$ cat protein.cif   # mmCIF, C-alpha atoms
data_run
#
loop_
_atom_site.label_atom_id
_atom_site.label_comp_id
_atom_site.auth_asym_id
_atom_site.auth_seq_id
_atom_site.Cartn_x
_atom_site.Cartn_y
_atom_site.Cartn_z
CA MET A 645 53.47 -32.03 -5.30
CA VAL A 646 51.96 -28.59 -4.69
CA LYS A 647 51.79 -26.10 -7.51
CA ILE A 648 52.53 -22.52 -6.49
CA SER A 649 51.55 -19.59 -8.73
CA VAL A 650 54.15 -16.84 -8.62
CA LEU A 651 54.08 -13.37 -10.12
CA GLN A 652 57.36 -12.98 -11.99
CA HIS A 653 58.72 -9.90 -13.69
CA ALA A 654 61.43 -10.01 -16.32
CA PRO A 655 64.56 -8.28 -14.87
CA SER A 656 65.40 -6.92 -18.31
CA THR A 657 62.43 -4.54 -18.15
CA HIS A 658 63.64 -2.98 -14.85
CA LEU A 659 67.44 -2.92 -15.38
CA PRO A 660 69.59 -0.91 -17.81
CA ALA A 661 70.23 -2.75 -21.08
CA ARG A 662 73.95 -1.70 -21.14
CA PRO A 663 76.28 -0.30 -18.54
CA GLY A 664 75.84 3.47 -18.34
CA ASP A 665 72.26 3.49 -19.64
CA PRO A 666 69.56 5.14 -17.47
CA THR A 667 67.35 2.90 -15.34
CA PRO A 668 63.99 2.27 -17.08
CA THR A 669 60.98 3.87 -15.34
CA SER A 670 57.42 2.52 -15.35
CA ARG A 671 54.95 5.06 -16.68
CA ASN A 672 51.21 5.17 -16.92
CA LEU A 673 50.49 6.30 -20.44
CA ASP A 674 46.80 7.00 -19.69
CA PRO A 675 46.55 10.85 -19.63
CA LEU A 676 43.34 10.68 -17.53
CA MET A 677 45.03 8.92 -14.63
CA HIS A 678 47.07 10.72 -12.01
CA PRO A 679 49.47 9.07 -9.54
CA PHE A 680 47.67 10.79 -6.62
CA ALA A 681 44.11 10.47 -7.96
CA ARG A 682 42.92 8.23 -5.12
CA ALA A 683 44.45 10.42 -2.41
CA ARG A 684 42.90 13.51 -3.96
CA GLU A 685 39.49 11.85 -4.16
CA ARG A 686 39.62 10.82 -0.50
CA THR A 687 40.47 14.38 0.52
CA ARG A 688 37.53 15.64 -1.50
CA ALA A 689 35.26 13.08 0.15
CA LEU A 690 36.44 14.23 3.58
CA ASN A 691 35.80 17.85 2.64
CA ALA A 692 32.35 16.95 1.29
CA VAL A 693 31.25 15.17 4.45
CA LYS A 694 32.69 17.97 6.63
CA MET A 695 30.82 20.61 4.59
CA GLU A 696 27.61 18.61 4.98
CA ARG A 697 27.95 18.69 8.78
CA MET A 698 28.98 22.37 8.79
CA PHE A 699 25.92 23.45 6.80
CA ALA A 700 23.50 21.15 8.64
CA LYS A 701 21.01 23.70 9.98
CA PRO A 702 17.67 21.91 9.82
CA PHE A 703 15.40 24.26 11.78
CA ILE A 704 13.45 26.68 9.59
CA ALA A 705 10.59 28.25 11.53
CA SER A 706 8.03 27.83 14.29
CA LEU A 707 4.28 28.21 13.71
CA GLU A 708 2.63 29.68 16.78
CA GLY A 709 -1.03 29.99 17.73
CA HIS A 710 -1.67 27.16 20.20
CA VAL A 711 -1.43 27.78 23.93
CA ASP A 712 -1.10 24.12 24.93
CA ALA A 713 0.46 20.92 23.60
CA VAL A 714 -0.07 20.11 19.91
CA GLU A 715 -1.72 16.68 20.04
CA THR A 716 -2.40 15.89 16.39
CA MET A 717 -1.63 17.07 12.85
CA ALA A 718 -2.88 16.17 9.37
CA ARG A 719 -1.84 17.18 5.86
CA LYS A 720 -4.45 18.01 3.26
CA PRO A 721 -4.38 15.36 0.48
CA GLU A 722 -3.08 16.44 -2.92
CA THR A 723 -1.49 19.59 -1.49
CA LEU A 724 2.08 20.32 -0.48
CA ASP A 725 1.76 22.82 2.33
CA ILE A 726 -1.74 22.87 3.92
CA VAL A 727 -1.61 21.36 7.42
CA ALA A 728 -4.18 21.26 10.22
CA SER A 729 -3.22 20.96 13.88
CA GLY A 730 -5.24 20.33 17.03
CA SER A 731 -4.23 21.15 20.57
CA TRP A 732 -4.98 20.23 24.18
CA ASP A 733 -6.57 23.68 24.62
CA GLY A 734 -9.38 22.67 22.23
CA GLY A 735 -8.06 24.90 19.43
CA LEU A 736 -7.89 24.02 15.75
CA ILE A 737 -5.61 25.78 13.23
CA VAL A 738 -5.12 25.31 9.49
CA HIS A 739 -1.61 26.44 8.50
CA ASP A 740 -0.18 27.47 5.14
CA VAL A 741 3.35 26.18 5.72
CA SER A 742 5.00 27.84 2.71
CA ARG A 743 3.71 31.32 3.67
CA ARG A 744 3.81 30.58 7.43
CA THR A 745 0.31 31.97 7.86
CA ARG A 746 -2.95 30.74 9.40
CA LEU A 747 -5.75 30.07 6.93
CA LEU A 748 -8.23 29.16 9.65
CA GLN A 749 -8.23 29.34 13.43
CA ILE A 750 -10.97 28.05 15.75
CA GLU A 751 -10.05 28.68 19.36
CA ASP A 752 -12.74 26.58 21.07
CA ALA A 753 -13.41 23.90 18.50
CA HIS A 754 -13.85 21.35 21.32
CA LYS A 755 -14.21 21.41 25.08
CA GLY A 756 -11.02 19.76 26.23
CA LYS A 757 -8.30 18.41 24.00
CA VAL A 758 -8.59 17.84 20.26
CA SER A 759 -7.52 14.21 19.90
CA GLY A 760 -7.86 13.75 16.13
CA VAL A 761 -8.06 15.78 12.93
CA CYS A 762 -8.25 14.85 9.24
CA PHE A 763 -9.26 16.38 5.92
CA GLY A 764 -12.32 15.17 4.04
CA GLN A 765 -13.65 15.93 0.58
CA ASP A 766 -14.35 19.42 -0.83
CA ASP A 767 -12.11 21.37 1.59
CA ARG A 768 -13.85 19.93 4.62
CA LEU A 769 -12.12 19.30 7.92
CA LEU A 770 -13.09 16.75 10.55
CA SER A 771 -12.05 16.96 14.18
CA CYS A 772 -12.82 14.89 17.26
CA GLY A 773 -12.14 15.39 20.94
CA VAL A 774 -12.62 14.17 24.46
CA ASP A 775 -15.94 16.08 24.60
CA ARG A 776 -17.54 13.09 22.77
CA ASN A 777 -18.24 15.09 19.61
CA ILE A 778 -17.07 14.91 16.00
CA LYS A 779 -17.32 18.21 14.14
CA LEU A 780 -17.27 18.89 10.41
CA TRP A 781 -15.82 22.28 9.38
CA ASP A 782 -15.46 24.18 6.12
CA SER A 783 -11.72 24.86 5.93
CA HIS A 784 -12.04 26.83 2.67
CA LYS A 785 -13.61 29.78 4.46
CA GLY A 786 -10.83 31.77 6.03
CA PHE A 787 -11.13 34.89 8.13
CA GLU A 788 -12.23 37.01 5.18
CA GLN A 789 -14.84 34.57 3.82
CA ASP A 790 -16.64 34.04 7.14
CA GLU A 791 -20.23 34.97 6.28
CA SER A 792 -21.37 35.18 9.91
CA ALA A 793 -18.67 37.77 10.70
CA ALA A 794 -17.94 35.78 13.85
CA GLY A 795 -14.53 35.66 15.45
CA PRO A 796 -12.32 32.58 15.66
CA SER A 797 -14.03 31.35 18.83
CA ALA A 798 -17.60 31.83 17.49
CA ARG A 799 -17.23 29.95 14.21
CA LYS A 800 -19.90 27.28 13.72
CA PRO A 801 -19.31 23.78 12.32
CA ILE A 802 -21.27 22.46 9.33
CA SER A 803 -22.48 19.49 11.36
CA ILE A 804 -21.87 17.73 14.69
CA PHE A 805 -21.82 13.95 15.21
CA PRO A 806 -22.39 13.11 18.89
CA GLY A 807 -20.83 9.99 20.40
CA LYS A 808 -21.16 8.06 23.64
CA THR A 809 -17.49 8.09 24.68
CA ALA A 810 -14.41 10.26 24.21
CA PHE A 811 -12.79 9.92 20.78
CA ASN A 812 -9.06 9.29 20.43
CA SER A 813 -8.51 9.26 16.66
CA ILE A 814 -10.20 9.92 13.32
CA ASP A 815 -9.37 9.20 9.67
CA HIS A 816 -11.24 9.81 6.42
CA HIS A 817 -11.85 7.34 3.58
CA ARG A 818 -9.82 8.18 0.50
CA TYR A 819 -12.69 8.22 -2.00
CA ASP A 820 -16.08 7.94 -0.24
CA PRO A 821 -17.77 10.33 2.25
CA LEU A 822 -16.94 7.92 5.10
CA PHE A 823 -14.70 8.30 8.13
CA ALA A 824 -13.62 6.04 10.97
CA THR A 825 -13.16 6.89 14.64
CA GLY A 826 -11.47 5.16 17.56
CA SER A 827 -12.77 5.33 21.13
CA ASN A 828 -13.66 2.26 23.18
CA LEU A 829 -14.58 0.72 19.81
CA VAL A 830 -13.92 1.33 16.11
CA GLN A 831 -16.84 2.97 14.31
CA VAL A 832 -17.46 3.90 10.68
CA TRP A 833 -19.52 7.02 10.00
CA ASP A 834 -21.20 8.58 6.97
CA GLU A 835 -20.99 12.36 6.56
CA THR A 836 -24.68 12.47 5.67
CA LYS A 837 -25.87 10.57 8.78
CA SER A 838 -25.76 11.61 12.41
CA ALA A 839 -25.07 8.15 13.85
CA ALA A 840 -22.38 5.54 13.14
CA ILE A 841 -23.27 3.11 10.35
CA SER A 842 -21.18 0.21 11.70
CA ASN A 843 -19.15 -0.97 14.69
CA LEU A 844 -16.08 -3.01 13.78
CA THR A 845 -14.57 -4.01 17.12
CA LEU A 846 -14.15 -7.67 18.05
CA PRO A 847 -16.81 -8.92 20.51
CA THR A 848 -14.15 -10.10 22.96
CA SER A 849 -12.14 -6.87 22.75
CA THR A 850 -11.99 -4.57 25.78
CA GLU A 851 -9.27 -2.16 24.69
CA THR A 852 -9.36 1.60 24.15
CA VAL A 853 -8.55 2.26 20.50
CA THR A 854 -5.84 4.91 20.33
CA ALA A 855 -5.42 5.33 16.54
CA VAL A 856 -7.17 4.30 13.30
CA ARG A 857 -5.87 4.63 9.73
CA PHE A 858 -7.26 3.67 6.30
CA ASN A 859 -4.92 1.94 3.86
CA LEU A 860 -3.80 4.30 1.10
CA ALA A 861 -4.10 1.78 -1.75
CA GLU A 862 -6.93 -0.53 -0.65
CA ALA A 863 -9.17 2.07 0.99
CA SER A 864 -11.58 -0.47 2.47
CA VAL A 865 -8.84 -1.87 4.74
CA LEU A 866 -8.65 -0.17 8.12
CA ALA A 867 -6.03 -0.63 10.85
CA SER A 868 -6.21 0.23 14.53
CA ILE A 869 -4.02 0.03 17.62
CA GLY A 870 -5.28 -0.29 21.18
CA SER A 871 -4.31 0.08 24.79
CA ASP A 872 -4.27 -3.71 25.23
CA ARG A 873 -1.11 -3.86 23.00
CA SER A 874 -3.16 -4.98 19.98
CA PHE A 875 -2.87 -4.17 16.29
CA THR A 876 -6.01 -5.05 14.33
CA LEU A 877 -6.96 -5.11 10.64
CA TYR A 878 -10.58 -4.59 9.55
CA ASP A 879 -12.45 -4.76 6.26
CA ILE A 880 -15.26 -2.20 6.18
CA ARG A 881 -16.98 -4.13 3.35
CA THR A 882 -17.57 -7.15 5.56
CA GLY A 883 -17.76 -5.12 8.78
CA LYS A 884 -15.48 -7.55 10.62
CA ALA A 885 -12.02 -7.67 12.15
CA GLU A 886 -9.86 -9.83 9.88
CA ARG A 887 -6.58 -10.22 11.79
CA ARG A 888 -5.21 -9.20 15.15
CA ILE A 889 -1.87 -9.44 16.93
CA ILE A 890 -0.90 -8.81 20.56
CA MET A 891 2.56 -7.26 21.04
CA GLN A 892 4.94 -7.07 23.98
CA MET A 893 4.29 -3.34 24.48
CA ARG A 894 1.50 -1.07 23.33
CA SER A 895 1.80 1.08 20.20
CA ASN A 896 1.21 4.85 20.21
CA ALA A 897 0.90 5.58 16.48
CA LEU A 898 0.66 3.85 13.11
CA SER A 899 1.22 4.87 9.50
CA TRP A 900 0.71 3.06 6.18
CA SER A 901 3.48 3.15 3.58
CA PRO A 902 2.46 5.20 0.51
CA THR A 903 4.47 3.05 -1.92
CA PHE A 904 4.17 -0.46 -0.39
CA PRO A 905 0.47 -1.01 0.38
CA THR A 906 1.13 -4.04 2.61
CA THR A 907 3.69 -2.28 4.83
CA VAL A 908 2.63 -0.60 8.07
CA LEU A 909 4.79 1.30 10.57
CA LEU A 910 4.13 1.16 14.32
CA ALA A 911 5.57 3.51 16.96
CA SER A 912 5.90 1.61 20.20
CA GLU A 913 6.09 2.33 23.91
CA ASP A 914 9.30 0.26 24.14
CA HIS A 915 11.37 3.05 22.45
CA ASN A 916 11.38 1.25 19.07
CA LEU A 917 9.58 1.43 15.75
CA TYR A 918 8.49 -1.64 13.80
CA THR A 919 7.54 -2.23 10.18
CA PHE A 920 5.20 -5.13 9.47
CA ASP A 921 4.10 -6.81 6.28
CA ILE A 922 0.40 -7.49 6.88
CA ARG A 923 0.68 -10.75 4.91
CA ALA A 924 2.90 -12.14 7.70
CA LEU A 925 2.18 -10.41 10.99
CA ASN A 926 3.97 -12.89 13.24
CA THR A 927 7.32 -11.09 12.86
CA PRO A 928 8.25 -7.48 12.03
CA THR A 929 10.26 -6.95 8.87
CA GLN A 930 12.55 -4.41 10.59
CA ILE A 931 13.16 -2.95 14.05
CA TYR A 932 14.30 0.67 14.32
CA LYS A 933 16.26 1.44 17.49
CA ALA A 934 17.55 4.85 18.61
CA HIS A 935 14.94 6.60 20.76
CA VAL A 936 15.54 6.55 24.49
CA ALA A 937 11.89 7.04 25.50
CA ALA A 938 8.46 6.11 24.19
CA VAL A 939 7.88 6.89 20.49
CA MET A 940 4.70 8.96 20.26
CA SER A 941 4.24 9.57 16.52
CA CYS A 942 5.40 8.50 13.08
CA ASP A 943 4.72 9.37 9.45
CA TRP A 944 6.01 8.12 6.10
CA SER A 945 7.57 10.32 3.46
CA PRO A 946 5.45 10.45 0.25
CA THR A 947 8.32 8.68 -1.52
CA GLY A 948 8.18 5.73 0.90
CA LEU A 949 11.98 5.81 1.30
CA GLU A 950 12.08 7.61 4.66
CA PHE A 951 9.90 8.23 7.68
CA VAL A 952 9.90 10.58 10.65
CA SER A 953 9.27 9.82 14.31
CA GLY A 954 8.86 11.94 17.41
CA GLY A 955 9.36 10.75 20.96
CA TRP A 956 9.03 11.44 24.65
CA ASP A 957 12.81 12.05 24.65
CA ARG A 958 12.22 15.48 23.00
CA THR A 959 13.84 14.54 19.69
CA VAL A 960 12.65 14.21 16.10
CA ARG A 961 14.36 11.43 14.14
CA ILE A 962 14.37 10.79 10.39
CA TRP A 963 14.98 7.19 9.32
CA LYS A 964 15.85 5.54 6.04
CA GLU A 965 13.53 2.65 5.22
CA GLY A 966 15.32 -0.61 5.99
CA ALA A 967 18.13 0.98 8.07
CA GLY A 968 17.34 0.26 11.71
CA THR A 969 20.04 2.44 13.31
CA GLN A 970 21.76 5.83 13.04
CA PRO A 971 18.84 8.10 12.07
CA GLU A 972 19.11 11.86 11.62
CA VAL A 973 18.37 13.59 14.96
CA TYR A 974 16.76 17.03 15.39
CA HIS A 975 16.36 18.82 18.71
CA THR A 976 16.22 22.34 20.17
CA LYS A 977 16.64 23.72 23.67
CA ARG A 978 13.00 24.78 23.96
CA MET A 979 11.27 21.85 22.27
CA GLN A 980 9.52 19.62 24.75
CA ARG A 981 8.10 16.11 24.29
CA VAL A 982 7.13 15.55 20.65
CA THR A 983 3.54 14.34 20.29
CA SER A 984 2.98 14.56 16.50
CA THR A 985 5.12 14.51 13.36
CA LEU A 986 4.33 14.93 9.68
CA TYR A 987 6.00 15.05 6.25
CA SER A 988 5.21 17.74 3.69
CA GLY A 989 3.76 16.68 0.34
CA ASP A 990 7.05 17.15 -1.53
CA SER A 991 9.17 15.21 1.03
CA ARG A 992 11.45 18.21 1.55
CA PHE A 993 10.17 19.30 4.95
CA VAL A 994 9.14 17.77 8.25
CA LEU A 995 6.73 19.23 10.80
CA SER A 996 6.65 18.44 14.50
CA GLY A 997 4.19 19.37 17.22
CA SER A 998 5.27 19.31 20.85
CA ASP A 999 4.21 19.96 24.43
CA ASP A 1000 5.30 23.61 24.30
CA GLY A 1001 2.48 24.46 21.86
CA ASN A 1002 4.60 25.09 18.75
CA VAL A 1003 4.50 23.50 15.31
CA ARG A 1004 8.09 23.49 14.05
CA ILE A 1005 9.24 23.23 10.43
CA TRP A 1006 12.45 21.32 9.70
CA LYS A 1007 14.35 20.38 6.58
CA ALA A 1008 14.04 16.71 5.72
CA HIS A 1009 17.76 16.79 4.83
CA ALA A 1010 19.61 19.03 7.24
CA SER A 1011 22.21 20.44 4.83
CA ASP A 1012 19.87 21.12 1.89
CA LYS A 1013 20.01 24.60 0.41
CA LEU A 1014 16.72 26.49 0.37
CA GLY A 1015 15.89 28.65 -2.63
CA ILE A 1016 17.04 28.47 -6.22
CA VAL A 1017 19.82 25.98 -7.01
CA THR A 1018 21.65 26.58 -10.28
CA ALA A 1019 22.69 23.78 -12.62
CA ARG A 1020 26.32 24.23 -11.59
CA GLU A 1021 25.45 23.99 -7.89
CA ARG A 1022 23.29 20.93 -8.56
CA ALA A 1023 26.18 19.22 -10.37
CA ALA A 1024 28.53 20.01 -7.46
CA ILE A 1025 26.01 18.68 -4.91
CA GLU A 1026 25.58 15.44 -6.86
CA TYR A 1027 29.36 15.04 -7.20
CA ARG A 1028 29.82 15.44 -3.43
CA GLN A 1029 27.04 12.94 -2.75
CA GLY A 1030 28.73 10.46 -5.10
CA LEU A 1031 32.03 10.95 -3.28
CA LYS A 1032 30.40 10.33 0.12
CA ALA A 1033 28.72 7.18 -1.17
CA ARG A 1034 31.97 5.89 -2.68
CA TRP A 1035 34.05 6.55 0.44
CA LYS A 1036 31.47 5.62 3.09
CA GLY A 1037 33.62 2.62 4.05
CA ASP A 1038 36.54 4.85 5.03
CA ALA A 1039 36.90 5.05 8.82
CA GLU A 1040 37.36 8.83 9.02
CA VAL A 1041 34.65 9.66 6.49
CA SER A 1042 32.10 7.37 8.13
CA LYS A 1043 32.92 8.71 11.62
CA ILE A 1044 32.28 12.31 10.56
CA ALA A 1045 29.11 11.34 8.68
CA ARG A 1046 27.49 9.46 11.56
CA THR A 1047 28.52 11.68 14.50
CA ARG A 1048 25.63 13.68 15.97
CA HIS A 1049 25.57 16.04 18.92
CA LEU A 1050 22.87 15.08 21.41
CA PRO A 1051 21.60 16.92 24.50
CA ARG A 1052 23.21 15.68 27.71
CA PRO A 1053 20.01 14.06 29.12
CA VAL A 1054 19.43 12.12 25.87
CA HIS A 1055 23.09 11.04 25.72
CA LYS A 1056 23.05 9.87 29.35
CA ALA A 1057 19.75 8.05 28.85
CA ALA A 1058 21.16 6.27 25.77
CA GLN A 1059 24.24 5.27 27.77
CA LEU A 1060 22.11 3.92 30.62
CA LYS A 1061 19.88 2.05 28.18
CA ARG A 1062 22.89 0.38 26.56
CA GLU A 1063 24.18 -0.73 29.96
CA MET A 1064 20.77 -2.19 30.88
CA LEU A 1065 20.48 -4.07 27.59
CA ASP A 1066 24.02 -5.40 27.92
CA ALA A 1067 23.30 -6.57 31.45
CA ALA A 1068 20.11 -8.32 30.33
CA ARG A 1069 22.01 -10.05 27.51
CA VAL A 1070 24.79 -11.23 29.83
CA LYS A 1071 22.20 -12.52 32.31
CA GLU A 1072 20.44 -14.46 29.55
CA GLU A 1073 23.73 -15.96 28.35
CA ARG A 1074 24.66 -17.06 31.87
CA ARG A 1075 21.23 -18.58 32.45
CA ARG A 1076 21.52 -20.50 29.18
CA LYS A 1077 25.06 -21.62 30.06
CA HIS A 1078 23.92 -23.14 33.36
CA THR A 1079 20.84 -25.00 32.07
CA ARG A 1080 20.59 -28.35 30.38
CA ALA A 1081 21.60 -28.27 26.72
CA GLY A 1082 18.68 -27.56 24.41
CA GLU A 1083 16.25 -26.42 27.12
CA ASN A 1084 16.75 -22.69 26.78
CA LYS A 1085 17.38 -21.74 23.16
CA PRO A 1086 18.25 -18.17 22.17
CA LYS A 1087 15.40 -16.24 20.58
CA ALA A 1088 15.83 -13.56 17.91
CA ALA A 1089 14.68 -10.04 18.81
CA ARG A 1090 12.11 -10.07 16.00
CA LYS A 1091 10.55 -13.24 17.38
CA LYS A 1092 9.95 -11.61 20.78
CA VAL A 1093 7.84 -8.69 19.51
CA VAL A 1094 4.54 -10.48 18.80
CA ILE A 1095 3.06 -12.59 21.62
CA ALA A 1096 -0.08 -13.93 19.90
CA GLU A 1097 -1.81 -13.77 16.53
CA GLN A 1098 -5.56 -14.07 16.00
CA SER A 1099 -7.44 -14.36 12.72
#

$ encode --input "protein.cif" --output "structure tokens"
Amino acid sequence: MVKISVLQHAPSTHLPARPGDPTPTSRNLDPLMHPFARARERTRALNAVKMERMFAKPFIASLEGHVDAVETMARKPETLDIVASGSWDGGLIVHDVSRRTRLLQIEDAHKGKVSGVCFGQDDRLLSCGVDRNIKLWDSHKGFEQDESAAGPSARKPISIFPGKTAFNSIDHHRYDPLFATGSNLVQVWDETKSAAISNLTLPTSTETVTAVRFNLAEASVLASIGSDRSFTLYDIRTGKAERRIIMQMRSNALSWSPTFPTTVLLASEDHNLYTFDIRALNTPTQIYKAHVAAVMSCDWSPTGLEFVSGGWDRTVRIWKEGAGTQPEVYHTKRMQRVTSTLYSGDSRFVLSGSDDGNVRIWKAHASDKLGIVTARERAAIEYRQGLKARWKGDAEVSKIARTRHLPRPVHKAAQLKREMLDAARVKEERRRKHTRAGENKPKAARKKVVIAEQS
């Protein structure tokens, strides 16, 4: 016999006790509750998410000065707003982002394009280029402090480190006067010596190294990416390559997480970004999909909760760590292919350098208010954010929150890409359906990224 639980109400509580008495009404005696509280809250959540989209004006300013594409950018450590940029015209500029001024400008720092720039110790600036030279500059001396009274094009570097091949990337050690460069091999240099002190590339390696970066926590660990689709880890104490993986497509940029020392972000030619835990390099921890062309640059926020990427599709995208879809998208009519991106030291602003020669400043959160925010405004902002978080499951609220306007070419390219991926998936399913059972097993997307691992 089946037992059935039934909710039963006593009729005496809902019917008049005697003929002629009024019908009893159910009342909520809690004075803080309102019969339409939930409906009111939903309306407020809708208004909050609509206001966020209405006031989403992320573009702030454009920093001019370069006459060709901005190839590389670097932020000065322990500062919020000092940024150096290098261009294809051989020019080098140090910007004060908060004042939107140029602290230093060297028009002919290199013959040909500046391929890498980084800050060293004691206000020193290192740059490298395709002219096979590394140059060390004093960035503290602006236009007024130039003792030689030379113009921007006649400024002299402190020292020059000649190389044998064109350099593609440079990065400085966090504590010691050492820096690493990437060309046809990875080299470690000392600021006090004119030649490289060690070569770290694998003997069997034939790739061109496109980027090198020191780990932010363990400064003796160095990572590089190459044109042969490789990602390699080195230890400068032993002078050897420790681990190496070969991926499906080559990577264009890499960035270490500032809060998780074992996490590295790779910007790939296959339109995606990947985060890896270097303790297990056989699979990426997350795949980030939204770009419709090659991703050319990436950089972590100092908080480690977000990162920015710039692509060949002329868009800048801001991602939340761990969320592989629906990033924030920034674009303008005049911005061309984005070749470098950077976060400011306080995580409030994003910088992008593109083919049109401009360094653009964006808000990290498009609807943020610039200037002084009173306590009352702050409380209202936090209340609206709480409402959006609470009602994010509502269909209308989530639709407004995730909708972004994209340029027509980007929208069409995304549509075409979806159709191609769907077609490839259907083809794979049909091939599996018409083969012997167990011969062709489906493979997860994360398992397809890394082809081989060497250690």

$ resolve_selection --input "protein.cif" --expression "the PyMOL selection byres ((chain A and resi 808) around 12)" --output "PyMOL selection string"
chain A and resi 773-778+805-807+809-811+826-829+831+839-840

$ residues_near_point --input "protein.cif" --point "(-2.0, 16.7, 22.2)" --cutoff "10 Å" --atoms "only C-alpha atoms" --output "list in words"
Asp712, Ala713, Val714, Glu715, Thr716, Met717, Ser729, Gly730, Ser731, Trp732, Asp733, Gly734, Lys757, Val758, Ser759, Gly760, Val982, Thr983, Ser984, Gly997, Ser998, Asp999 and Gly1001 of chain A

$ residues_around --input "protein.cif" --residues "segment 911-917 of chain A" --least-positions-apart "3" --cutoff "6 Å" --atoms "all atoms listed in the file" --output "list in words"
Met893, Arg894, Ser895, Asn896, Ala897, Ile931, Tyr932, Lys933, His935, Val936, Ala937, Ala938 and Val939 of chain A

$ resolve_selection --input "protein.cif" --expression "the PyMOL selection byres ((chain A and resi 708) around 7)" --output "list in words"
Ser706, Leu707, Gly709, His710, Asn1002 and Val1003 of chain A

$ closest_residue --input "protein.cif" --among "A:Leu846, A:Leu769, A:Ser871, A:Val650" --to "Asn812 of chain A" --atoms "all atoms listed in the file"
A:Ser871

$ residues_around --input "protein.cif" --residues "Arg1069 of chain A" --least-positions-apart "6" --cutoff "12 Å" --atoms "all atoms listed in the file" --output "list in words"
Arg1062, Glu1063, Arg1075, Arg1076, Pro1086, Lys1087, Ala1088 and Ala1089 of chain A
